[in-house]
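> Please find protein01.txt (compact mmCIF, C-alpha atoms and all ligand atoms) on the next line:
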# COMPACT_ATOMS: atom_id res chain seq x y z
CA MET A 1 157.70 111.61 119.86
CA HIS A 2 154.80 111.02 122.21
CA GLU A 3 153.86 114.70 122.34
CA LEU A 4 152.44 114.69 118.81
CA PRO A 5 149.21 112.68 119.35
CA PHE A 6 148.63 114.63 122.55
CA THR A 7 149.11 117.95 120.77
CA LYS A 8 146.75 116.88 117.97
CA SER A 9 143.97 115.92 120.37
CA ILE A 10 144.29 119.17 122.34
CA PHE A 11 144.29 121.03 119.04
CA ARG A 12 141.06 119.35 117.91
CA THR A 13 139.29 120.26 121.16
CA VAL A 14 140.58 123.83 121.21
CA SER A 15 139.75 124.60 117.58
CA ALA A 16 136.25 123.11 117.97
CA LYS A 17 135.59 125.25 121.05
CA ALA A 18 137.00 128.37 119.39
CA ALA A 19 134.85 127.82 116.29
CA GLN A 20 131.78 127.23 118.47
CA ALA A 21 132.42 130.52 120.26
CA GLY A 22 132.73 132.34 116.94
CA ALA A 23 136.33 133.33 117.67
CA GLU A 24 138.69 134.83 115.14
CA GLY A 25 141.67 133.24 116.74
CA VAL A 26 143.19 131.67 119.82
CA SER A 27 145.83 133.55 121.77
CA ARG A 28 146.56 131.15 124.61
CA VAL A 29 145.84 127.63 125.77
CA VAL A 30 146.49 126.65 129.39
CA LEU A 31 146.95 122.98 130.19
CA GLU A 32 147.44 120.94 133.32
CA VAL A 33 149.64 117.97 132.68
CA GLY A 34 150.73 115.34 135.18
CA GLN A 35 154.44 114.96 135.67
CA LEU A 36 154.32 111.29 134.69
CA ARG A 37 153.11 112.20 131.21
CA ASP A 38 156.59 113.45 130.66
CA TYR A 39 155.67 116.04 128.06
CA ILE A 40 158.18 118.71 127.26
CA PRO A 41 156.40 122.09 126.93
CA GLU A 42 158.77 123.39 124.22
CA ILE A 43 158.09 120.32 122.09
CA VAL A 44 154.32 120.62 122.55
CA GLN A 45 154.58 124.26 121.42
CA LYS A 46 156.64 123.27 118.41
CA TYR A 47 154.10 120.61 117.37
CA TRP A 48 151.29 123.06 118.02
CA ASP A 49 152.81 125.61 115.66
CA TYR A 50 153.03 122.88 113.03
CA VAL A 51 149.56 121.35 113.57
CA ALA A 52 147.74 124.69 113.93
CA GLU A 53 149.35 126.42 110.97
CA GLY A 54 146.73 128.02 108.75
CA THR A 55 143.91 127.36 111.23
CA ILE A 56 141.94 129.39 113.76
CA ALA A 57 144.42 128.31 116.46
CA GLU A 58 147.57 129.39 114.66
CA GLY A 59 149.99 131.33 116.84
CA ALA A 60 148.45 130.35 120.17
CA LYS A 61 150.80 130.23 123.11
CA ILE A 62 150.68 126.90 124.93
CA GLU A 63 151.13 127.18 128.66
CA ILE A 64 151.66 123.94 130.56
CA ASN A 65 151.35 123.65 134.32
CA ILE A 66 153.01 120.47 135.47
CA ILE A 67 151.19 118.64 138.29
CA PRO A 68 153.66 116.77 140.51
CA ALA A 69 153.17 113.03 140.89
CA THR A 70 151.89 112.04 144.32
CA VAL A 71 151.07 108.71 145.90
CA ARG A 72 148.64 107.84 148.68
CA CYS A 73 150.11 105.24 151.00
CA ARG A 74 148.08 102.03 151.14
CA ASP A 75 148.87 101.48 154.81
CA CYS A 76 148.63 104.86 156.53
CA GLY A 77 146.92 107.05 153.92
CA HIS A 78 149.74 109.60 153.88
CA VAL A 79 150.07 111.43 150.56
CA TYR A 80 153.62 112.04 149.43
CA GLU A 81 155.42 113.25 146.35
CA LEU A 82 156.79 110.53 144.13
CA ASP A 83 160.46 110.70 143.31
CA VAL A 84 159.99 110.07 139.59
CA LYS A 85 163.70 109.65 138.95
CA ASN A 86 163.81 106.90 141.53
CA ILE A 87 160.36 105.25 141.53
CA GLN A 88 161.77 101.86 142.62
CA GLU A 89 163.11 103.36 145.82
CA SER A 90 160.07 105.52 146.50
CA HIS A 91 158.32 104.81 149.81
CA CYS A 92 156.01 106.45 152.31
CA PRO A 93 157.91 108.83 154.61
CA GLY A 94 155.30 108.16 157.32
CA CYS A 95 155.52 104.36 157.64
CA GLY A 96 158.05 103.21 155.06
CA CYS A 97 155.49 101.23 153.07
CA VAL A 98 156.25 100.94 149.36
CA LYS A 99 152.67 100.24 148.28
CA GLY A 100 150.39 103.07 147.31
CA GLU A 101 147.90 104.40 144.81
CA LEU A 102 148.74 107.19 142.43
CA GLU A 103 146.87 110.34 143.49
CA THR A 104 148.10 112.80 140.89
CA GLY A 105 150.57 112.79 138.05
CA ARG A 106 148.58 111.45 135.08
CA GLU A 107 146.41 114.54 134.48
CA LEU A 108 145.68 115.87 131.06
CA ARG A 109 143.33 118.83 131.19
CA ILE A 110 142.61 121.97 129.27
CA VAL A 111 142.05 124.56 131.98
CA GLY A 112 141.85 127.69 129.87
CA ILE A 113 141.43 128.86 126.31
CA GLU A 114 141.84 132.52 125.41
CA ILE A 115 140.19 133.56 122.20
CA PHE A 116 139.81 136.81 120.35
ZN ZN B 1 152.50 105.12 154.99
Can the structure from this file be put into structure tokens for me?
Ligand SMILES: [Zn+2]

Amino acid sequence: MHELPFTKSIFRTVSAKAAQAGAEGVSRVVLEVGQLRDYIPEIVQKYWDYVAEGTIAEGAKIEINIIPATVRCRDCGHVYELDVKNIQESHCPGCGCVKGELETGRELRIVGIEIF
């Protein structure tokens, strides 16, 4: 399950920050995750509950905002949403070009930590 290493690394960062801030606990962690990471929020929460058990971050609610995958067309510069279920067929709606650079979709960011 590819969510476990991700959850562990987020956990390490969050618990370090919470300890630094002298917190008693962590109530909520807000993440921004690119669609292409393909993480399932329920599974991340489940791993979190397991990894954080008995620590400062136990019981925190993990909130994941999924960032849609977008591509910038190499020819005309148009930015369009990638059809992730059909990447092979994906093309620029402006000019029909299939070549492009990924703009968003691989993010992995902690955007908020609520402590008490
Ligand atoms: Zn184009």
> Per residue of chain A within 10 Å of ligand ZN 1 (chain B), which atom pair is closest and at what distance in Å (one decimal), using only C-alpha atoms and all ligand atoms, listed by chain and increasing number, as JSON lines?

{"residue": "A:Val71", "atom": "CA", "partner": "B:ZN1", "partner_atom": "ZN", "distance": 9.9}
{"residue": "A:Arg72", "atom": "CA", "partner": "B:ZN1", "partner_atom": "ZN", "distance": 7.9}
{"residue": "A:Cys73", "atom": "CA", "partner": "B:ZN1", "partner_atom": "ZN", "distance": 4.7}
{"residue": "A:Arg74", "atom": "CA", "partner": "B:ZN1", "partner_atom": "ZN", "distance": 6.6}
{"residue": "A:Asp75", "atom": "CA", "partner": "B:ZN1", "partner_atom": "ZN", "distance": 5.1}
{"residue": "A:Cys76", "atom": "CA", "partner": "B:ZN1", "partner_atom": "ZN", "distance": 4.2}
{"residue": "A:Gly77", "atom": "CA", "partner": "B:ZN1", "partner_atom": "ZN", "distance": 6.0}
{"residue": "A:His78", "atom": "CA", "partner": "B:ZN1", "partner_atom": "ZN", "distance": 5.4}
{"residue": "A:Val79", "atom": "CA", "partner": "B:ZN1", "partner_atom": "ZN", "distance": 8.1}
{"residue": "A:Tyr80", "atom": "CA", "partner": "B:ZN1", "partner_atom": "ZN", "distance": 8.9}
{"residue": "A:His91", "atom": "CA", "partner": "B:ZN1", "partner_atom": "ZN", "distance": 7.8}
{"residue": "A:Cys92", "atom": "CA", "partner": "B:ZN1", "partner_atom": "ZN", "distance": 4.6}
{"residue": "A:Pro93", "atom": "CA", "partner": "B:ZN1", "partner_atom": "ZN", "distance": 6.6}
{"residue": "A:Gly94", "atom": "CA", "partner": "B:ZN1", "partner_atom": "ZN", "distance": 4.7}
{"residue": "A:Cys95", "atom": "CA", "partner": "B:ZN1", "partner_atom": "ZN", "distance": 4.1}
{"residue": "A:Gly96", "atom": "CA", "partner": "B:ZN1", "partner_atom": "ZN", "distance": 5.9}
{"residue": "A:Cys97", "atom": "CA", "partner": "B:ZN1", "partner_atom": "ZN", "distance": 5.3}
{"residue": "A:Val98", "atom": "CA", "partner": "B:ZN1", "partner_atom": "ZN", "distance": 8.0}
{"residue": "A:Lys99", "atom": "CA", "partner": "B:ZN1", "partner_atom": "ZN", "distance": 8.3}
{"residue": "A:Gly100", "atom": "CA", "partner": "B:ZN1", "partner_atom": "ZN", "distance": 8.2}
> Using only C-alpha atoms, which protein or nucleic acid residues come within 10 Å of range 101-112 of chain A? Drop anything in the same chain fewer than 6 positions from it, and give the result as a PyMOL selection string.
chain A and resi 6+10+13-14+28-38+63-74+77+79-82+84
> Could you write out the selected residues, including C-alpha atoms, as a PDB file, in the frame of the given file?

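Writing the result to result_11.pdb gives the following:
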ATOM      1  CA  PHE A   6     148.630 114.630 122.550  1.00  0.00           C
ATOM      2  CA  ILE A  10     144.290 119.170 122.340  1.00  0.00           C
ATOM      3  CA  THR A  13     139.290 120.260 121.160  1.00  0.00           C
ATOM      4  CA  VAL A  14     140.580 123.830 121.210  1.00  0.00           C
ATOM      5  CA  ARG A  28     146.560 131.150 124.610  1.00  0.00           C
ATOM      6  CA  VAL A  29     145.840 127.630 125.770  1.00  0.00           C
ATOM      7  CA  VAL A  30     146.490 126.650 129.390  1.00  0.00           C
ATOM      8  CA  LEU A  31     146.950 122.980 130.190  1.00  0.00           C
ATOM      9  CA  GLU A  32     147.440 120.940 133.320  1.00  0.00           C
ATOM     10  CA  VAL A  33     149.640 117.970 132.680  1.00  0.00           C
ATOM     11  CA  GLY A  34     150.730 115.340 135.180  1.00  0.00           C
ATOM     12  CA  GLN A  35     154.440 114.960 135.670  1.00  0.00           C
ATOM     13  CA  LEU A  36     154.320 111.290 134.690  1.00  0.00           C
ATOM     14  CA  ARG A  37     153.110 112.200 131.210  1.00  0.00           C
ATOM     15  CA  ASP A  38     156.590 113.450 130.660  1.00  0.00           C
ATOM     16  CA  GLU A  63     151.130 127.180 128.660  1.00  0.00           C
ATOM     17  CA  ILE A  64     151.660 123.940 130.560  1.00  0.00           C
ATOM     18  CA  ASN A  65     151.350 123.650 134.320  1.00  0.00           C
ATOM     19  CA  ILE A  66     153.010 120.470 135.470  1.00  0.00           C
ATOM     20  CA  ILE A  67     151.190 118.640 138.290  1.00  0.00           C
ATOM     21  CA  PRO A  68     153.660 116.770 140.510  1.00  0.00           C
ATOM     22  CA  ALA A  69     153.170 113.030 140.890  1.00  0.00           C
ATOM     23  CA  THR A  70     151.890 112.040 144.320  1.00  0.00           C
ATOM     24  CA  VAL A  71     151.070 108.710 145.900  1.00  0.00           C
ATOM     25  CA  ARG A  72     148.640 107.840 148.680  1.00  0.00           C
ATOM     26  CA  CYS A  73     150.110 105.240 151.000  1.00  0.00           C
ATOM     27  CA  ARG A  74     148.080 102.030 151.140  1.00  0.00           C
ATOM     28  CA  GLY A  77     146.920 107.050 153.920  1.00  0.00           C
ATOM     29  CA  VAL A  79     150.070 111.430 150.560  1.00  0.00           C
ATOM     30  CA  TYR A  80     153.620 112.040 149.430  1.00  0.00           C
ATOM     31  CA  GLU A  81     155.420 113.250 146.350  1.00  0.00           C
ATOM     32  CA  LEU A  82     156.790 110.530 144.130  1.00  0.00           C
ATOM     33  CA  VAL A  84     159.990 110.070 139.590  1.00  0.00           C
TER      34      VAL A  84
END
> Could you give me the centre and size, in Å to one decimal, of an axis-aligned box around all listed atoms of range 51-66 of chain A with 6 Å added on every side, as AutoDock Vina command-line options?

--center_x 147.5 --center_y 125.9 --center_z 122.1 --size_x 23.1 --size_y 22.9 --size_z 38.7
> For CA of Ile43 in chain A and CA of Asn86 in chain A, quote the distance in Å rounded to one decimal.
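Separating CA of Ile43 in chain A from CA of Asn86 in chain A is a distance of 24.3 Å.
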> Point out the residue among A:Val51, A:Leu4, A:Val44, A:Ala18 with the least atom-to-atom distance to Ile113 in chain A, counting all atoms listed in the file.
A:Ala18
> Can you work out the spacing between CA of Glu24 in chain A and CA of Ile56 in chain A in Å, to one decimal?
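Computing it gives 6.5 Å between the two atoms.
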> What is the distance, in Å and to one decimal place, between CA of Ile40 in chain A and CA of Gln20 in chain A?
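About the pair CA of Ile40 in chain A and CA of Gln20 in chain A: they are 29.1 Å apart.
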> In terms of the shortest atom-to-atom distance over only C-alpha atoms, which of A:Ala60, A:Lys85, A:Glu42, A:Thr7 is closest to Ile115 in chain A?
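Closest to Ile115 in chain A of all the choices is A:Ala60.
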> Rank A:Phe116, A:Ile87, A:Val26, A:Pro5 by their smallest atom-to-atom distance to Glu58 in chain A, using all atoms listed in the file, and report the top residue only.
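Of all the options, A:Val26 lies closest to Glu58 in chain A.
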> So, with only C-alpha atoms as the atoms that count, which of A:Ile62, A:Ala57, A:Glu3, A:Gly25 lies closest to Gln45 in chain A?
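So, comparing all the options, the nearest one is A:Ile62.
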